[in-house]
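The structure under discussion appears below in the form of C-alpha cells.
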Amino acid sequence: MRVALLGDTHGNELWLYEATNVFAGAGLTTIIQVGDLGVMIGAAGRDMWDRVDERLARNGQTMLVAPGNHENYDVIDELEANADGWLVLRERILLAPRGHRTVMGGRSFVWLGGAASVDRRWRRKAAPVRGKTWWEQEVLTDADVAAVVADGHADIMVAHDAPHGVPTIEENMRRTRAAFAPEDLMYAHYSRSAFTTAFEAVKPDVLLHGHFHFPVDEPVDFDGFETRVFGLSKDGDPYSLGVLDLSSEPLRPDFL
C-alpha cells in the first residue's frame with residue numbers, strides 16, 4: 001500500500017487542488033497530512049472545505065490529518081468522532097485526536113498533532129485587528145503525553161511537531177531564533193520537550209511531521225533507537241509532497 005504525504009497547507013485552496021491532483025495522477029488515494037491544514041471558522045471556511053471535500057470525492061481520495069498549531073481549535077473541539085475514532089471535518093477529511101492509534105497496510109500508526117506557535121506574541125497583539133489566530137489548545141497536555149506513553153511503540157508516528165535532537169531542525173532554529181520573542185522561544189521549547197517525551201516512548205521507525213516549513217529527511221540516532229525523521233515543507237513548495245510505501249523494508253518515505 002502506497003500513501004501520499006502532504007505538508008502544511010494553511011487553508012491554501014489552490015495548493016490543495018494542485019497537490020491532490022498530483023497524488024491522483026500517481027494513483028494515491030490515501031493522503032496523510034501533517035498539520036496546519038487551515039481549519040477555520042465562518043462561512044468562507046465552511047464553503048472551502050466543502051469544495052475540497054468534493055474534489056477529494058471526485059479523485060476517490062481521503063485525507064487523514066494530524067492537526068497543527070495554526071488551526072481553529074474551537075472548531076476542532078466541536079467535531080464529532082466517527083465509529084473509528086476520527087474527528088469528521090468533512091466526509092473525506094478526517095482529523096486524528098491526539099494519541100489516536102490506527103493500522104494501515106499492516107503498519108501501526110500513532111497520531112499526535114499540536115505544536116507551539118513561536119509567533120504567539122505577534123498573533124495575540126494582532127487579534128483585535130486581524131481576528132483570533134492563536135488558540136491555547138495548540139500544545140500537548142500532560143494527559144495527551146501520558147496516553148501516548150502508556151500505549152508505547154508504533155511503527156509510524158504522524159505529528160506536526162518534531163522532537164529535540166534532529167540536526168537539520170536544530171541548525172535552522174539557531175539561524176532563525178533572533179526573529180522571535182524569548183518567551184515564545186521558551187514556550188516552544190517546553191512544548192517540544194513534551195512532544196519528545198511522547199516520541200521517545202513510541203520509538204517509531206518513521207516520524208512524519210510538518211511545522212518547520214522546510215524539508216527534513218535523515219536517520220537520527222536517539223537514546224537506544226533510530227528513527228527516519230521525514231519533515232514536509234509548506235504549501236507551494238514541491239518538498240511538501242511525498243509518498244510512503246507501507247510494504248517497503250525498511251520503511252522509507254520519499255519526496256515526489
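By order in the C-alpha cells, chains are A, B, ...; within a chain, residues start at 1; ligands start at 1, following the order shown.
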Can you tell me, as a ChimeraX atom specification, what residues are no more than 10 Å from Arg98 in chain A when counting only C-alpha atoms, ignoring any on the same chain fewer than 6 positions away? /A:66-67,110-114,140-141,143-145,147-148,159
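Comparing A:Asp161, A:Val229, A:Ala83, A:Asn69 by their smallest distance to Glu136 in chain A, the closest is A:Asn69 (using only C-alpha atoms).
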Backbone-only DSSP, alpha helix (DSSP H) members of range 15-191 of chain A, as an mmCIF file with C-alpha atoms, in the first residue's frame:
```
data_model
loop_
_atom_site.group_PDB
_atom_site.id
_atom_site.type_symbol
_atom_site.label_atom_id
_atom_site.label_comp_id
_atom_site.auth_asym_id
_atom_site.auth_seq_id
_atom_site.Cartn_x
_atom_site.Cartn_y
_atom_site.Cartn_z
ATOM 1 C CA TRP A 15 -2.475 24.369 -3.472
ATOM 2 C CA LEU A 16 -4.769 21.695 -2.066
ATOM 3 C CA TYR A 17 -6.245 21.191 -5.535
ATOM 4 C CA GLU A 18 -2.808 21.000 -7.107
ATOM 5 C CA ALA A 19 -1.493 18.569 -4.513
ATOM 6 C CA THR A 20 -4.500 16.258 -4.616
ATOM 7 C CA ASN A 21 -4.348 16.184 -8.415
ATOM 8 C CA VAL A 22 -0.649 15.277 -8.332
ATOM 9 C CA PHE A 23 -1.448 12.465 -5.925
ATOM 10 C CA ALA A 24 -4.350 11.289 -8.090
ATOM 11 C CA GLY A 25 -2.026 11.175 -11.085
ATOM 12 C CA GLY A 42 -17.209 31.060 9.368
ATOM 13 C CA ALA A 43 -18.932 30.699 6.015
ATOM 14 C CA ALA A 44 -15.732 31.086 3.990
ATOM 15 C CA GLY A 45 -14.086 28.218 5.834
ATOM 16 C CA ARG A 46 -17.159 26.008 5.584
ATOM 17 C CA ASP A 47 -17.524 26.609 1.864
ATOM 18 C CA MET A 48 -13.846 25.996 1.165
ATOM 19 C CA TRP A 49 -13.756 22.654 2.934
ATOM 20 C CA ASP A 50 -16.972 21.655 1.160
ATOM 21 C CA ARG A 51 -15.230 22.294 -2.160
ATOM 22 C CA VAL A 52 -12.060 20.469 -1.132
ATOM 23 C CA ASP A 53 -14.156 17.521 0.036
ATOM 24 C CA GLU A 54 -15.894 17.425 -3.339
ATOM 25 C CA ARG A 55 -12.517 17.391 -5.089
ATOM 26 C CA LEU A 56 -11.336 14.525 -2.910
ATOM 27 C CA ALA A 57 -14.527 12.614 -3.681
ATOM 28 C CA ARG A 58 -14.015 13.064 -7.426
ATOM 29 C CA ASN A 59 -10.473 11.741 -7.073
ATOM 30 C CA TYR A 73 -9.277 24.545 17.884
ATOM 31 C CA ASP A 74 -12.667 25.893 18.898
ATOM 32 C CA VAL A 75 -13.960 24.318 15.677
ATOM 33 C CA ILE A 76 -11.974 21.103 16.158
ATOM 34 C CA ARG A 120 2.410 33.630 19.624
ATOM 35 C CA ARG A 121 3.087 37.174 20.888
ATOM 36 C CA TRP A 122 2.503 38.688 17.427
ATOM 37 C CA ARG A 123 -0.697 36.698 16.963
ATOM 38 C CA ARG A 124 -2.063 37.862 20.308
ATOM 39 C CA LYS A 125 -1.238 41.513 19.592
ATOM 40 C CA ALA A 126 -2.779 41.362 16.119
ATOM 41 C CA ALA A 127 -6.026 39.722 17.256
ATOM 42 C CA PRO A 128 -8.060 42.973 17.677
ATOM 43 C CA VAL A 129 -7.354 43.858 14.042
ATOM 44 C CA ARG A 130 -6.928 40.521 12.264
ATOM 45 C CA ASP A 142 0.109 16.163 30.213
ATOM 46 C CA ALA A 143 -2.831 13.829 29.569
ATOM 47 C CA ASP A 144 -2.057 13.735 25.827
ATOM 48 C CA VAL A 145 1.530 12.738 26.521
ATOM 49 C CA ALA A 146 0.615 10.196 29.203
ATOM 50 C CA ALA A 147 -1.848 8.435 26.897
ATOM 51 C CA VAL A 148 0.739 8.089 24.126
ATOM 52 C CA VAL A 149 3.422 6.912 26.548
ATOM 53 C CA ALA A 150 1.092 4.306 28.048
ATOM 54 C CA ASP A 151 0.365 2.699 24.668
ATOM 55 C CA PRO A 167 20.272 18.079 13.416
ATOM 56 C CA THR A 168 18.570 19.747 10.425
ATOM 57 C CA ILE A 169 15.952 21.343 12.671
ATOM 58 C CA GLU A 170 18.367 22.413 15.397
ATOM 59 C CA GLU A 171 20.654 24.131 12.888
ATOM 60 C CA ASN A 172 17.767 26.009 11.281
ATOM 61 C CA MET A 173 16.460 27.123 14.661
ATOM 62 C CA ARG A 174 19.858 28.513 15.627
ATOM 63 C CA ARG A 175 19.784 30.669 12.482
ATOM 64 C CA THR A 176 16.243 31.983 12.948
ATOM 65 C CA PRO A 182 12.395 34.973 24.117
ATOM 66 C CA GLU A 183 9.224 33.991 25.980
ATOM 67 C CA ASP A 184 7.792 32.412 22.841
ATOM 68 C CA LEU A 185 11.020 30.544 22.172
ATOM 69 C CA MET A 186 10.834 29.144 25.692
ATOM 70 C CA TYR A 187 7.145 28.301 25.198
ATOM 71 C CA ALA A 188 8.066 26.360 22.030
ATOM 72 C CA HIS A 189 11.000 24.676 23.797
ATOM 73 C CA TYR A 190 8.789 23.265 26.544
ATOM 74 C CA SER A 191 6.164 22.189 24.028
#
```
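The shell of residues at most 10 Å from Phe225 in chain A, with only C-alpha atoms counted and near chain neighbours (fewer than 6 positions) removed, consists of Glu200, Lys203, Pro204 and Asp205 of chain A.
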Can you write out the residues you just picked, keeping N, CA and C atoms, as a tab-separated table (two decimals), in the first residue's frame?
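Heads up, here's the output in out-v2.tsv:
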```tsv
chain	number	residue	atom	x	y	z
A	200	GLU	N	9.81	9.53	22.45
A	200	GLU	CA	10.78	8.56	22.97
A	200	GLU	C	10.10	7.30	23.52
A	203	LYS	N	9.08	5.33	20.05
A	203	LYS	CA	10.24	4.80	19.31
A	203	LYS	C	9.83	4.36	17.90
A	204	PRO	N	9.28	5.29	17.12
A	204	PRO	CA	8.80	4.89	15.79
A	204	PRO	C	9.95	4.62	14.83
A	205	ASP	N	9.69	3.78	13.85
A	205	ASP	CA	10.66	3.59	12.78
A	205	ASP	C	10.72	4.83	11.88
```
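Distances to Arg192 in chain A were evaluated for A:His153, A:His164, A:His10, A:His209 using only C-alpha atoms, and the minimum falls at A:His164.
For the set A:Ala26, A:Val39, A:Leu241, A:Leu208, the residue with the smallest atom-to-atom gap to Ile93 in chain A is A:Val39, counting only C-alpha atoms.
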One number please: CA of Ser247 in chain A to CA of Gly99 in chain A, in Å, one decimal. 23.6 Å
Enumerate as a list in words all residues of range 36-112 of chain A assigned to strand (DSSP E) by DSSP on the backbone, naming them with the chain letters and numbers the document uses. Thr62, Met63, Leu64, Val65, Leu87, Val88, Leu89, Arg90, Ile93, Leu94, Leu95, His100, Arg101, Thr102, Val103, Met104, Arg107, Ser108, Phe109, Val110, Trp111 and Leu112 of chain A
For a quick check of understanding, using only C-alpha atoms, which of A:Val3, A:Ala181, A:Leu207, A:Leu95 has the smallest distance to Asn82 in chain A? A:Leu95
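Comparing the minimum interatomic distances between Phe222 in chain A and each of A:Leu256, A:Leu244, A:Leu89, A:Val166, counting only C-alpha atoms, we find that A:Val166 sits nearest.
Between CA of Gln137 in chain A and CA of Ser117 in chain A the separation is 11.0 Å.
Counting from CA of Pro215 in chain A, the distance to CA of Asp254 in chain A is 10.8 Å.
Residue nearest Asp237 in chain A within the list A:Val103, A:Phe214, A:Asp84, A:Ala178: A:Phe214 [criterion: smallest interatomic distance, only C-alpha atoms].
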